[in-house]
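J.: Supplied structure: work-v4.csv, CSV, C-alpha atoms.
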```
chain,number,residue,atom,x,y,z
C,1,MET,CA,97.6,100.9,105.0
C,2,LYS,CA,100.6,100.6,102.6
C,3,LEU,CA,99.9,96.9,102.1
C,4,GLU,CA,96.2,97.5,101.5
C,5,ARG,CA,97.0,100.2,99.0
C,6,ALA,CA,99.6,97.9,97.3
C,7,LEU,CA,97.0,95.2,96.9
C,8,GLU,CA,94.5,97.7,95.5
C,9,GLU,CA,97.0,98.8,92.9
C,10,GLN,CA,97.8,95.2,92.0
C,11,GLN,CA,94.2,94.5,91.5
C,12,GLU,CA,93.8,97.6,89.3
C,13,GLU,CA,96.7,96.5,87.2
C,14,ARG,CA,95.3,93.0,86.8
C,15,GLY,CA,92.0,94.5,85.6
C,16,ASN,CA,93.8,96.6,83.0
C,17,ASP,CA,95.8,93.6,81.8
C,18,HIS,CA,92.7,91.5,81.4
C,19,VAL,CA,93.8,88.6,83.6
C,20,GLY,CA,91.1,85.9,84.3
C,21,SER,CA,90.8,83.9,87.6
C,22,SER,CA,89.4,80.6,86.5
C,23,THR,CA,87.2,78.8,84.0
C,24,GLU,CA,84.3,79.0,86.4
C,25,THR,CA,82.6,82.3,87.3
C,26,PRO,CA,83.8,83.1,90.9
C,27,LEU,CA,80.7,82.8,93.1
C,28,ARG,CA,80.3,82.7,96.9
C,29,LYS,CA,78.7,79.7,98.4
C,30,ASP,CA,75.8,81.9,99.6
C,31,ALA,CA,75.3,83.5,96.2
C,32,PHE,CA,71.6,82.5,95.9
C,33,VAL,CA,70.5,82.7,99.5
C,34,LEU,CA,68.8,86.1,98.8
C,35,SER,CA,65.8,86.2,96.5
C,36,ASP,CA,65.9,88.3,93.3
C,37,GLU,CA,63.6,90.8,95.1
C,38,GLU,CA,65.9,91.1,98.1
C,39,LYS,CA,68.9,91.6,95.8
C,40,ILE,CA,67.1,94.3,93.9
C,41,GLU,CA,66.3,96.2,97.1
C,42,ARG,CA,70.0,96.0,98.3
C,43,ILE,CA,71.4,97.0,95.0
C,44,GLN,CA,68.9,99.8,94.7
C,45,ASN,CA,70.1,101.3,98.0
C,46,SER,CA,73.8,100.9,96.9
C,47,VAL,CA,73.2,102.6,93.6
C,48,ARG,CA,71.4,105.4,95.3
C,49,GLU,CA,74.3,105.9,97.7
C,50,ILE,CA,76.8,106.0,94.7
C,51,MET,CA,74.7,108.6,93.0
C,52,LEU,CA,74.4,110.7,96.1
C,53,THR,CA,78.1,110.5,96.7
C,54,LEU,CA,78.7,111.7,93.1
C,55,GLY,CA,76.6,114.7,94.0
C,56,LEU,CA,73.5,113.9,91.9
C,57,ASP,CA,70.1,115.2,92.9
C,58,LEU,CA,67.8,112.2,93.2
C,59,ASP,CA,64.8,114.5,93.7
C,60,ASP,CA,65.1,115.3,90.0
C,61,ASP,CA,62.4,113.6,87.9
C,62,SER,CA,65.0,112.1,85.5
C,63,LEU,CA,67.1,110.6,88.2
C,64,GLY,CA,64.7,109.6,90.9
C,65,GLY,CA,63.9,106.1,89.4
C,66,THR,CA,67.5,105.3,88.3
C,67,PRO,CA,68.5,103.2,91.4
C,68,LYS,CA,65.5,100.9,91.0
C,69,ARG,CA,66.0,100.6,87.2
C,70,VAL,CA,69.7,99.8,87.6
C,71,ALA,CA,69.0,97.2,90.3
C,72,LYS,CA,66.4,95.4,88.2
C,73,MET,CA,68.7,95.5,85.2
C,74,TYR,CA,71.5,94.0,87.1
C,75,VAL,CA,69.5,91.1,88.6
C,76,GLU,CA,67.0,90.3,85.8
C,77,GLU,CA,69.0,91.2,82.7
C,78,ILE,CA,72.7,91.9,82.3
C,79,PHE,CA,73.7,89.6,85.2
C,80,GLY,CA,70.7,87.2,84.9
C,81,GLY,CA,73.0,84.4,83.7
C,82,LEU,CA,74.6,84.1,87.2
C,83,HIS,CA,71.5,82.2,88.5
C,84,PRO,CA,71.4,78.5,87.6
C,85,LYS,CA,67.6,78.6,87.4
C,86,ARG,CA,68.1,80.5,84.1
C,87,ARG,CA,70.3,77.9,82.6
C,88,PRO,CA,68.9,76.9,79.2
C,89,LYS,CA,67.4,73.4,78.8
C,90,PRO,CA,68.6,72.5,75.3
C,91,SER,CA,66.4,70.3,73.1
C,92,THR,CA,68.5,67.5,71.6
C,93,PHE,CA,67.5,65.1,68.8
C,94,GLU,CA,68.8,62.0,67.2
C,95,ASN,CA,70.8,62.7,64.1
C,96,LYS,CA,68.4,60.6,61.9
C,97,TYR,CA,69.5,62.1,58.7
C,98,LYS,CA,73.1,61.1,59.4
C,99,TYR,CA,74.6,64.5,58.7
C,100,GLY,CA,78.3,63.9,59.2
C,101,GLU,CA,79.9,67.3,58.5
C,102,MET,CA,80.3,70.2,60.9
C,103,LEU,CA,77.4,72.4,61.6
C,104,VAL,CA,78.3,76.1,62.0
C,105,GLU,CA,76.2,78.9,63.5
C,106,LYS,CA,77.9,82.2,63.2
C,107,ASN,CA,77.3,85.8,64.1
C,108,ILE,CA,75.5,85.1,67.3
C,109,VAL,CA,75.2,88.4,69.1
C,110,VAL,CA,77.1,88.7,72.4
C,111,TYR,CA,76.2,91.3,75.0
C,112,SER,CA,78.3,90.8,78.1
C,113,THR,CA,80.0,92.8,80.9
C,114,CYS,CA,83.7,93.1,81.7
C,115,GLU,CA,84.1,91.9,85.3
C,116,HIS,CA,87.0,94.3,85.9
C,117,HIS,CA,85.2,97.6,85.2
C,118,LEU,CA,81.6,96.5,84.8
C,119,LEU,CA,81.5,98.0,81.3
C,120,PRO,CA,79.9,96.3,78.2
C,121,ILE,CA,81.5,93.6,76.0
C,122,VAL,CA,79.7,93.6,72.6
C,123,GLY,CA,80.5,91.3,69.7
C,124,ARG,CA,79.8,88.1,67.9
C,125,ALA,CA,80.2,84.4,68.6
C,126,HIS,CA,80.7,81.7,66.0
C,127,ILE,CA,80.0,78.1,67.0
C,128,ALA,CA,80.6,74.7,65.3
C,129,TYR,CA,80.1,71.1,66.2
C,130,ILE,CA,80.4,67.7,64.6
C,131,SER,CA,77.5,65.4,65.6
C,132,ASN,CA,78.3,61.9,67.0
C,133,GLY,CA,74.6,61.0,66.8
C,134,THR,CA,73.0,63.9,68.6
C,135,VAL,CA,72.0,67.4,67.3
C,136,VAL,CA,70.7,70.4,69.2
C,137,GLY,CA,68.1,73.0,68.3
C,138,LEU,CA,69.7,76.0,66.6
C,139,SER,CA,68.1,78.6,68.9
C,140,LYS,CA,69.4,76.7,71.9
C,141,MET,CA,73.0,77.5,70.8
C,142,ASN,CA,72.1,81.2,70.9
C,143,ARG,CA,70.5,80.8,74.4
C,144,ILE,CA,73.7,79.1,75.7
C,145,VAL,CA,75.8,82.0,74.5
C,146,ASP,CA,73.4,84.5,76.0
C,147,TYR,CA,73.3,82.6,79.3
C,148,PHE,CA,77.1,82.7,79.8
C,149,ALA,CA,77.3,86.2,78.5
C,150,LYS,CA,74.8,87.6,81.0
C,151,ARG,CA,77.2,87.8,83.9
C,152,PRO,CA,80.4,89.7,84.8
C,153,GLN,CA,82.8,88.0,82.4
C,154,VAL,CA,86.3,87.6,81.0
C,155,GLN,CA,86.1,86.8,77.3
C,156,GLU,CA,88.4,83.8,77.5
C,157,ARG,CA,86.4,82.2,80.3
C,158,MET,CA,83.1,82.8,78.4
C,159,ASN,CA,84.5,81.0,75.4
C,160,ILE,CA,85.5,78.0,77.4
C,161,GLN,CA,82.2,77.9,79.3
C,162,ILE,CA,80.2,77.9,76.0
C,163,VAL,CA,82.3,75.1,74.5
C,164,LYS,CA,82.1,73.0,77.7
C,165,GLU,CA,78.3,73.4,77.9
C,166,LEU,CA,77.8,72.3,74.3
C,167,GLN,CA,80.2,69.4,74.7
C,168,GLN,CA,78.1,68.2,77.7
C,169,VAL,CA,74.8,68.7,75.9
C,170,LEU,CA,75.9,67.0,72.7
C,171,GLY,CA,78.0,64.3,74.3
C,172,THR,CA,81.0,65.0,72.1
C,173,GLU,CA,84.3,66.8,72.4
C,174,ASP,CA,84.0,68.1,68.8
C,175,VAL,CA,82.9,71.6,69.5
C,176,ALA,CA,84.5,75.0,68.7
C,177,CYS,CA,83.8,78.6,69.4
C,178,VAL,CA,85.4,81.8,68.3
C,179,ILE,CA,84.3,85.2,69.8
C,180,ASP,CA,85.2,88.6,68.4
C,181,ALA,CA,84.2,91.4,70.7
C,182,LYS,CA,84.8,95.0,71.6
C,183,HIS,CA,85.5,95.8,75.3
C,184,LEU,CA,84.3,99.2,76.3
C,185,CYS,CA,86.8,99.2,79.2
C,186,VAL,CA,89.4,99.6,76.3
C,187,ASN,CA,87.2,101.5,73.8
C,188,SER,CA,85.6,104.1,76.1
C,189,ARG,CA,88.2,104.5,79.0
C,190,GLY,CA,91.9,104.1,79.6
C,191,ILE,CA,93.6,104.0,76.2
C,192,ARG,CA,90.2,104.8,74.5
C,193,ASP,CA,91.0,102.8,71.4
C,194,ILE,CA,87.6,102.6,69.6
C,195,GLU,CA,88.9,100.4,66.8
C,196,SER,CA,90.4,97.4,68.5
C,197,SER,CA,88.5,94.2,69.2
C,198,THR,CA,89.5,91.0,71.0
C,199,VAL,CA,89.3,87.6,69.4
C,200,THR,CA,89.4,84.4,71.5
C,201,ALA,CA,88.9,80.8,70.5
C,202,GLU,CA,88.3,77.4,72.1
C,203,TYR,CA,88.7,74.2,70.1
C,204,GLY,CA,87.8,70.7,71.3
C,205,GLY,CA,88.2,67.2,69.8
C,206,LYS,CA,88.5,67.2,66.0
C,207,PHE,CA,88.7,71.0,65.9
C,208,LYS,CA,92.3,70.7,67.3
C,209,ASN,CA,93.2,69.3,63.9
C,210,GLU,CA,94.5,72.1,61.6
C,211,ALA,CA,92.5,71.1,58.6
C,212,THR,CA,89.2,70.9,60.5
C,213,ARG,CA,89.9,74.2,62.3
C,214,ARG,CA,90.7,75.9,58.9
C,215,GLU,CA,87.4,74.6,57.5
C,216,PHE,CA,85.5,76.2,60.4
C,217,LEU,CA,87.3,79.5,60.0
C,218,ASP,CA,86.6,79.5,56.3
C,219,TYR,CA,82.9,79.1,57.1
C,220,ILE,CA,83.0,82.1,59.4
C,221,ASN,CA,84.5,84.2,56.6
C,222,LEU,CA,81.8,83.3,54.1
C,223,ASP,CA,79.7,86.3,53.0
C,224,THR,CA,76.2,85.5,54.2
C,225,GLU,CA,74.6,89.0,54.0
C,226,PHE,CA,70.9,88.8,53.1
```
Now, as a test, write the supplied structure out as structure tokens.
T.:
Amino acid sequence: MKLERALEEQQEERGNDHVGSSTETPLRKDAFVLSDEEKIERIQNSVREIMLTLGLDLDDDSLGGTPKRVAKMYVEEIFGGLHPKRRPKPSTFENKYKYGEMLVEKNIVVYSTCEHHLLPIVGRAHIAYISNGTVVGLSKMNRIVDYFAKRPQVQERMNIQIVKELQQVLGTEDVACVIDAKHLCVNSRGIRDIESSTVTAEYGGKFKNEATRREFLDYINLDTEF
């Protein structure tokens, strides 16, 4: 029992210290054996048990449908990016106009979930790439961000996953991503610091060069309010 408690305390400390496990989302080999409908049913029962344990009256009109709503939200929405069937299929095109400078898409909304406390991560992602002959549809960049955000996440891992995916899609290492986000596990619990945000970055290829990286960061700071 002492060893078990020590391991639990160690895991709690790791969660508070925001330590990630790997660049791939940890999934069991049987992660997709159950259908979405089967997962919703199981999660619904688990949420119902949690609410009953907390002492809530599920016969109340306001609470009766909560377990089903939460289960559907988990499977179909906020954790929908776990399933590979939802992976975006980006449209790529030949760079016929020979645009040779970096392309930057900034202020992409990020809604994710901290994997340590299952609380929201909310912020913005800024992406750039330099074409080596291939370009990708702008909306597909947003979809890639959304796909990797819709799962229990660590911000550092999400940053790396977005860059790796775009590198593969575009066939170039010259991709960069900066994410600035608030973590409600910090803002709404624990230290309850509502002002702090977390900034992470991943630079590939030419973006490891200081001048190229600085150009990208300058673009991010441009005032583009409309």
J.: Just the residues within 6 Å of segment 75-85 of chain C, please, counting all atoms listed in the file, with nothing from its chain fewer than 4 positions along; format it as a list in words.
T.: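 Selected residues are Tyr147, Phe148, Lys150 and Arg151 of chain C.
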J.: Restricted to C-alpha atoms, what would the selected residues look like written as an mmCIF file, in the coordinates of the input?
T.:
```cif
data_model
loop_
_atom_site.group_PDB
_atom_site.id
_atom_site.type_symbol
_atom_site.label_atom_id
_atom_site.label_comp_id
_atom_site.auth_asym_id
_atom_site.auth_seq_id
_atom_site.Cartn_x
_atom_site.Cartn_y
_atom_site.Cartn_z
ATOM 1 C CA TYR C 147 73.300 82.600 79.300
ATOM 2 C CA PHE C 148 77.100 82.700 79.800
ATOM 3 C CA LYS C 150 74.800 87.600 81.000
ATOM 4 C CA ARG C 151 77.200 87.800 83.900
#
```
J.: Hey, can you pull every residue with an atom no more than 12 Å from (79.8, 72.2, 71.7), using all atoms listed in the file, and send it as a VMD selection string?
T.: chain C and resid 90 102 to 105 126 to 132 134 to 136 138 140 to 142 144 to 145 159 to 178 202 to 207
J.: Let me make sure I understand: among C:Glu101, C:Gly65, C:Ser22, C:Ala201, which one has the smallest atom-to-atom distance to Glu215 of chain C if we use all atoms listed in the file?
T.: C:Glu101
J.: Can you work out which one of C:Val109, C:Met51, C:Cys185, C:Val70 has the shortest atom-to-atom distance to Asp146 of chain C, counting all atoms listed in the file?
T.: C:Val109
J.: Point out the residue among C:Gly137, C:Thr25, C:Pro152, C:Ile179 with the least atom-to-atom distance to Lys89 of chain C, counting all atoms listed in the file.
T.: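 With all atoms listed in the file as the atom set, the closest residue is C:Gly137.
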J.: What does the distance between atom CA of Thr92 of chain C and atom CA of Phe32 of chain C come to in Å, to one decimal place?
T.: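 Interatomic distance, atom CA of Thr92 of chain C to atom CA of Phe32 of chain C: 28.7 Å.
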J.: State, in Å with one decimal place, the distance from atom CA of Ala31 of chain C to atom CA of Ile43 of chain C.
T.: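 About the pair atom CA of Ala31 of chain C and atom CA of Ile43 of chain C: they are 14.1 Å apart.
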J.: Just checking: using all atoms listed in the file, which residue out of C:Arg28, C:Arg48, C:Arg143, C:Arg124 ends up closest to Ser197 of chain C?
T.: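 Nearest to Ser197 of chain C: C:Arg124.
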